[in-house]
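Participant: Hey, dropping model_0.pdb in here, PDB, C-alpha atoms:
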```
ATOM      1  CA  MET A  92      -0.845 244.357 -66.366
ATOM      2  CA  THR A  93      -0.861 244.674 -70.120
ATOM      3  CA  ARG A  94      -3.951 244.149 -72.192
ATOM      4  CA  GLY A  95      -2.529 240.883 -73.606
ATOM      5  CA  ASN A  96      -1.881 239.516 -70.133
ATOM      6  CA  LEU A  97      -5.425 240.375 -69.048
ATOM      7  CA  GLY A  98      -6.773 238.672 -72.172
ATOM      8  CA  ASP A  99      -4.675 235.571 -71.503
ATOM      9  CA  LYS A 100      -5.741 235.522 -67.858
ATOM     10  CA  LEU A 101      -9.398 235.616 -68.911
ATOM     11  CA  LEU A 102      -8.717 232.953 -71.557
ATOM     12  CA  VAL A 103      -7.170 230.620 -68.974
ATOM     13  CA  MET A 104     -10.094 231.103 -66.597
ATOM     14  CA  GLN A 105     -12.532 230.311 -69.420
ATOM     15  CA  ILE A 106     -10.566 227.210 -70.427
ATOM     16  CA  LYS A 107     -10.614 226.007 -66.836
ATOM     17  CA  THR A 108     -14.406 226.339 -66.792
ATOM     18  CA  GLY A 109     -14.576 224.080 -69.854
ATOM     19  CA  SER A 110     -15.099 226.625 -72.626
ATOM     20  CA  LYS A 111     -14.359 224.972 -75.962
ATOM     21  CA  GLN A 112     -14.349 228.364 -77.660
ATOM     22  CA  ALA A 113     -11.663 229.610 -75.269
ATOM     23  CA  MET A 114      -9.563 226.524 -76.073
ATOM     24  CA  CYS A 115      -9.993 227.195 -79.799
ATOM     25  CA  ASN A 116      -8.960 230.817 -79.230
ATOM     26  CA  LEU A 117      -5.864 229.695 -77.320
ATOM     27  CA  TYR A 118      -4.926 227.333 -80.132
ATOM     28  CA  GLU A 119      -5.476 229.944 -82.840
ATOM     29  CA  LYS A 120      -3.467 232.511 -80.920
ATOM     30  CA  TYR A 121      -0.462 230.334 -80.053
ATOM     31  CA  TRP A 122      -0.157 227.293 -82.344
ATOM     32  CA  ARG A 123       2.319 229.078 -84.646
ATOM     33  CA  LEU A 124       4.509 230.001 -81.678
ATOM     34  CA  VAL A 125       4.583 226.418 -80.380
ATOM     35  CA  PHE A 126       5.223 225.082 -83.886
ATOM     36  CA  SER A 127       8.082 227.520 -84.569
ATOM     37  CA  VAL A 128       9.808 226.850 -81.221
ATOM     38  CA  SER A 129       9.623 223.131 -81.920
ATOM     39  CA  LEU A 130      10.789 223.530 -85.521
ATOM     40  CA  LYS A 131      13.944 225.341 -84.359
ATOM     41  CA  ILE A 132      14.797 222.316 -82.234
ATOM     42  CA  THR A 133      13.594 219.370 -84.330
ATOM     43  CA  HIS A 134      14.211 220.800 -87.818
ATOM     44  CA  SER A 135      11.215 218.732 -88.921
ATOM     45  CA  SER A 136       7.752 220.003 -89.809
ATOM     46  CA  GLU A 137       6.216 216.611 -89.073
ATOM     47  CA  ASP A 138       7.816 216.404 -85.643
ATOM     48  CA  SER A 139       6.844 219.994 -84.890
ATOM     49  CA  GLU A 140       3.234 219.256 -85.824
ATOM     50  CA  ASP A 141       3.301 216.280 -83.461
ATOM     51  CA  VAL A 142       4.760 218.407 -80.669
ATOM     52  CA  THR A 143       2.167 221.128 -81.225
ATOM     53  CA  GLN A 144      -0.669 218.600 -81.185
ATOM     54  CA  THR A 145       0.682 216.889 -78.069
ATOM     55  CA  ILE A 146       0.930 220.132 -76.121
ATOM     56  CA  PHE A 147      -2.561 221.345 -76.971
ATOM     57  CA  CYS A 148      -4.088 217.903 -76.393
ATOM     58  CA  ARG A 149      -2.412 217.834 -72.995
ATOM     59  CA  ILE A 150      -3.964 221.202 -72.141
ATOM     60  CA  ILE A 151      -7.394 220.048 -73.348
ATOM     61  CA  SER A 152      -7.223 216.946 -71.177
ATOM     62  CA  ASN A 153      -5.796 218.797 -68.182
ATOM     63  CA  PRO A 154      -6.629 222.546 -68.192
ATOM     64  CA  SER A 155      -5.174 222.913 -64.696
ATOM     65  CA  LEU A 156      -1.728 222.901 -66.340
ATOM     66  CA  LEU A 157      -2.395 226.540 -67.154
ATOM     67  CA  ASP A 158      -2.027 229.132 -64.427
ATOM     68  CA  GLU A 159      -3.837 232.422 -64.916
ATOM     69  CA  GLU A 160      -1.173 234.154 -62.819
ATOM     70  CA  LYS A 161       1.646 233.050 -65.142
ATOM     71  CA  SER A 162       2.374 233.767 -68.771
ATOM     72  CA  ILE A 163       0.714 231.346 -71.194
ATOM     73  CA  LYS A 164       3.317 232.240 -73.777
ATOM     74  CA  ASP A 165       6.182 231.263 -71.464
ATOM     75  CA  TYR A 166       4.441 228.021 -70.506
ATOM     76  CA  LEU A 167       3.822 227.075 -74.142
ATOM     77  CA  CYS A 168       7.371 227.929 -75.225
ATOM     78  CA  GLN A 169       8.872 225.881 -72.414
ATOM     79  CA  SER A 170       6.504 223.003 -73.135
ATOM     80  CA  ALA A 171       7.442 223.113 -76.831
ATOM     81  CA  ARG A 172      11.142 223.044 -75.939
ATOM     82  CA  ASN A 173      10.774 220.164 -73.498
ATOM     83  CA  GLU A 174       8.501 218.098 -75.745
ATOM     84  CA  SER A 175      10.795 218.634 -78.752
ATOM     85  CA  ILE A 176      13.879 217.592 -76.798
ATOM     86  CA  ASP A 177      12.047 214.518 -75.473
ATOM     87  CA  LEU A 178      11.015 213.621 -79.010
ATOM     88  CA  LEU A 179      14.604 213.914 -80.235
ATOM     89  CA  ARG A 180      15.874 211.811 -77.345
ATOM     90  CA  LYS A 181      13.311 209.105 -78.048
ATOM     91  CA  SER A 182      14.020 209.046 -81.771
ATOM     92  CA  SER A 183      17.755 209.046 -81.070
ATOM     93  CA  LYS A 184      17.356 206.098 -78.718
ATOM     94  CA  VAL A 185      15.290 204.221 -81.295
ATOM     95  CA  THR A 186      17.862 204.958 -84.000
ATOM     96  CA  CYS A 187      20.687 203.744 -81.763
ATOM     97  CA  LEU A 188      18.799 200.553 -80.936
ATOM     98  CA  GLU A 189      18.022 199.963 -84.624
ATOM     99  CA  GLU A 190      21.695 200.452 -85.501
ATOM    100  CA  GLU A 191      22.716 198.143 -82.672
ATOM    101  CA  GLU A 192      20.275 195.459 -83.822
ATOM    102  CA  LYS A 193      21.604 195.789 -87.381
ATOM    103  CA  TYR A 194      25.146 195.382 -86.043
ATOM    104  CA  ILE A 195      24.118 192.393 -83.954
ATOM    105  CA  ALA A 196      22.442 190.787 -86.971
ATOM    106  CA  ASP A 197      25.562 191.329 -89.099
ATOM    107  CA  GLU A 198      27.821 189.925 -86.412
ATOM    108  CA  LYS A 199      25.739 186.905 -85.454
ATOM    109  CA  PRO A 200      26.868 184.377 -88.113
ATOM    110  CA  VAL A 201      30.525 184.892 -87.203
ATOM    111  CA  ALA A 202      29.942 185.034 -83.458
ATOM    112  CA  SER A 203      27.774 181.887 -83.498
ATOM    113  CA  LYS A 204      31.011 179.903 -84.090
ATOM    114  CA  ILE A 205      31.954 180.376 -80.430
ATOM    115  CA  GLU A 206      32.572 176.709 -79.785
ATOM    116  CA  THR A 207      36.085 176.081 -78.630
ATOM    117  CA  SER A 208      37.011 175.820 -74.991
ATOM    118  CA  GLU A 209      39.974 178.111 -75.588
ATOM    119  CA  LEU A 210      37.670 180.854 -76.827
ATOM    120  CA  LEU A 211      35.261 180.346 -73.930
ATOM    121  CA  GLU A 212      38.134 180.493 -71.478
ATOM    122  CA  THR A 213      39.334 183.780 -72.961
ATOM    123  CA  MET A 214      35.826 185.162 -72.846
ATOM    124  CA  SER A 215      35.448 184.255 -69.191
ATOM    125  CA  GLU A 216      38.695 186.097 -68.431
ATOM    126  CA  VAL A 217      37.570 189.230 -70.280
ATOM    127  CA  LEU A 218      33.890 189.407 -69.326
ATOM    128  CA  ALA A 219      32.024 189.660 -66.058
ATOM    129  CA  GLU A 220      29.849 186.654 -65.198
ATOM    130  CA  THR A 221      26.591 188.346 -66.227
ATOM    131  CA  GLU A 222      28.075 189.596 -69.499
ATOM    132  CA  LEU A 223      29.311 186.103 -70.352
ATOM    133  CA  ALA A 224      25.942 184.529 -69.538
ATOM    134  CA  ILE A 225      24.124 187.056 -71.745
ATOM    135  CA  ILE A 226      26.584 186.685 -74.638
ATOM    136  CA  LEU A 227      26.293 182.890 -74.532
ATOM    137  CA  SER A 228      22.499 182.995 -74.291
ATOM    138  CA  TYR A 229      22.323 185.352 -77.237
ATOM    139  CA  TYR A 230      24.837 183.705 -79.556
ATOM    140  CA  GLN A 231      24.926 180.034 -78.622
ATOM    141  CA  GLU A 232      21.325 179.545 -77.563
ATOM    142  CA  ASP A 233      19.923 181.995 -80.162
ATOM    143  CA  LYS A 234      17.768 183.728 -77.578
ATOM    144  CA  THR A 235      16.409 187.204 -78.214
ATOM    145  CA  CYS A 236      17.146 190.133 -75.928
ATOM    146  CA  LYS A 237      13.531 189.969 -74.802
ATOM    147  CA  GLN A 238      13.835 186.286 -73.822
ATOM    148  CA  ILE A 239      17.085 186.896 -71.950
ATOM    149  CA  ALA A 240      15.612 189.919 -70.172
ATOM    150  CA  LYS A 241      12.631 187.856 -69.038
ATOM    151  CA  GLU A 242      14.844 185.026 -67.758
ATOM    152  CA  LEU A 243      17.147 187.364 -65.856
ATOM    153  CA  GLY A 244      14.449 189.747 -64.647
ATOM    154  CA  MET A 245      16.045 192.701 -66.412
ATOM    155  CA  SER A 246      14.845 195.204 -68.994
ATOM    156  CA  VAL A 247      15.481 194.696 -72.714
ATOM    157  CA  ASP A 248      17.408 197.987 -72.729
ATOM    158  CA  ALA A 249      19.692 196.671 -69.979
ATOM    159  CA  ILE A 250      20.351 193.458 -71.921
ATOM    160  CA  THR A 251      21.095 195.429 -75.105
ATOM    161  CA  SER A 252      23.458 197.667 -73.173
ATOM    162  CA  ILE A 253      25.257 194.709 -71.593
ATOM    163  CA  LEU A 254      25.590 193.015 -75.006
ATOM    164  CA  THR A 255      27.087 196.186 -76.462
ATOM    165  CA  ARG A 256      29.548 196.549 -73.594
ATOM    166  CA  ALA A 257      30.513 192.863 -73.702
ATOM    167  CA  ARG A 258      31.133 192.931 -77.453
ATOM    168  CA  ARG A 259      33.239 196.062 -77.039
ATOM    169  CA  LYS A 260      35.329 194.354 -74.356
ATOM    170  CA  LEU A 261      35.797 191.329 -76.583
ATOM    171  CA  ARG A 262      36.809 193.454 -79.588
ATOM    172  CA  GLU A 263      39.350 195.243 -77.396
ATOM    173  CA  SER A 264      40.797 191.959 -76.125
ATOM    174  CA  GLU A 265      43.734 191.008 -78.338
ATOM    175  CA  SER A 266      43.694 187.368 -77.237
ATOM    176  CA  PHE A 267      39.979 187.012 -78.022
ATOM    177  CA  VAL A 268      40.330 188.656 -81.443
ATOM    178  CA  LYS A 269      43.283 186.420 -82.300
ATOM    179  CA  ILE A 270      41.406 183.224 -81.342
ATOM    180  CA  ALA A 271      38.159 184.339 -82.999
ATOM    181  CA  LYS A 272      39.963 185.143 -86.250
ATOM    182  CA  GLY A 273      41.483 181.679 -86.188
ATOM    183  CA  ILE A 274      38.010 180.134 -85.923
ATOM    184  CA  THR A 275      36.424 182.283 -88.637
ATOM    185  CA  ASP A 276      39.310 181.700 -91.058
ATOM    186  CA  LYS A 277      38.680 177.952 -90.986
TER     187      LYS A 277
END
```
What does this structure look like when you write it as structure tokens?

Facilitator:
Amino acid sequence: MTRGNLGDKLLVMQIKTGSKQAMCNLYEKYWRLVFSVSLKITHSSEDSEDVTQTIFCRIISNPSLLDEEKSIKDYLCQSARNESIDLLRKSSKVTCLEEEEKYIADEKPVASKIETSELLETMSEVLAETELAIILSYYQEDKTCKQIAKELGMSVDAITSILTRARRKLRESESFVKIAKGITDK
């Protein structure tokens, strides 16, 4: 074993016994590595700082995550990669939901004119029963995704997804678009 590996093995054993100094030494030795791995993935100093803090806080709260028989460096690099990717996925999901909500808000005044039986008939031909119920609840009854989710026993994400899919189906339906344009032009 190399000298560094022996030092890391001793460091892990000390951390597991609750040594705050050993934890500080681990942080001082590896924070730059964790930060740089995260920065390559997130391209954001702020996000990389968050990732670095999360990883070391996780180790502080659960030292058994470290294994003295395995490389600390490998563990920290993999943790930085995973945490950075998770962060990007979460922020991407939030951005998509924000964009979707903006789109829904822009579309709502036009779509709230869904009043004619002809339009409803076309919608029922194009959409599945659940999609139609959600669309009508959202646009005609002015319910929020959260309210609809609660009523139907589904998650808000599922309702948002169904709304997106239903609107896409309606946009792709020539007969619906033709009827809807006739209503909005009035």

Participant: Between CA of Ala257 in chain A and CA of Tyr229 in chain A, what is the distance in Å, rounded to a tenth?

Facilitator: 11.7 Å

Participant: Just give me the gap between CA of Glu174 in chain A and CA of Leu156 in chain A in Å, one decimal is fine.

Facilitator: 14.7 Å

Participant: With the PyMOL selection byres ((chain A and resi 157) around 10) as the selection, what would be picked from this file? Answer as a list in words, please.

Facilitator: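 Selection result, ordered by chain and number: Lys100, Val103, Met104, Ile106, Lys107, Ile150, Asn153, Pro154, Ser155, Leu156, Asp158, Glu159, Glu160, Lys161, Ser162, Ile163, Tyr166 and Leu167 of chain A.
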
Participant: So how many Å separate CA of Glu137 in chain A and CA of Leu124 in chain A, to one decimal?

Facilitator: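 If I compute the distance from CA of Glu137 in chain A to CA of Leu124 in chain A, I get 15.4 Å.
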
Participant: Taking into account only C-alpha atoms, which residue in the set A:Leu218, A:Cys148, A:Leu178, A:Leu117 is nearest to His134 in chain A?

Facilitator: A:Leu178

Participant: Apply the PyMOL selection byres ((chain A and resi 142) around 10) to the structure shown and report the selected residues as a ChimeraX atom specification.

Facilitator: /A:125-126,128-130,133,136-141,143-148,170-178

Participant: Could you check the closest approach to Leu261 in chain A for each of A:Ser215, A:Ala249, A:Lys241, A:Asp233 and tell me which residue wins, using all atoms listed in the file?

Facilitator: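 Residue with the minimum atom-to-atom distance to Leu261 in chain A: A:Ser215.
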
Participant: Name the residues within 9 Å of (36.2, 186.2, -71.0), counting only C-alpha atoms in the file's coordinates, and put them as an NGL selection string.

Facilitator: :A and (210-220 or 222-223 or 260-261 or 264 or 267)

Participant: Take the selection from the previous step and output its residues with C-alpha atoms, as a tab-separated table (two decimals), keeping the file's coordinate frame.

Facilitator:
```tsv
chain	number	residue	atom	x	y	z
A	210	LEU	CA	37.67	180.85	-76.83
A	211	LEU	CA	35.26	180.35	-73.93
A	212	GLU	CA	38.13	180.49	-71.48
A	213	THR	CA	39.33	183.78	-72.96
A	214	MET	CA	35.83	185.16	-72.85
A	215	SER	CA	35.45	184.26	-69.19
A	216	GLU	CA	38.70	186.10	-68.43
A	217	VAL	CA	37.57	189.23	-70.28
A	218	LEU	CA	33.89	189.41	-69.33
A	219	ALA	CA	32.02	189.66	-66.06
A	220	GLU	CA	29.85	186.65	-65.20
A	222	GLU	CA	28.08	189.60	-69.50
A	223	LEU	CA	29.31	186.10	-70.35
A	260	LYS	CA	35.33	194.35	-74.36
A	261	LEU	CA	35.80	191.33	-76.58
A	264	SER	CA	40.80	191.96	-76.12
A	267	PHE	CA	39.98	187.01	-78.02
```
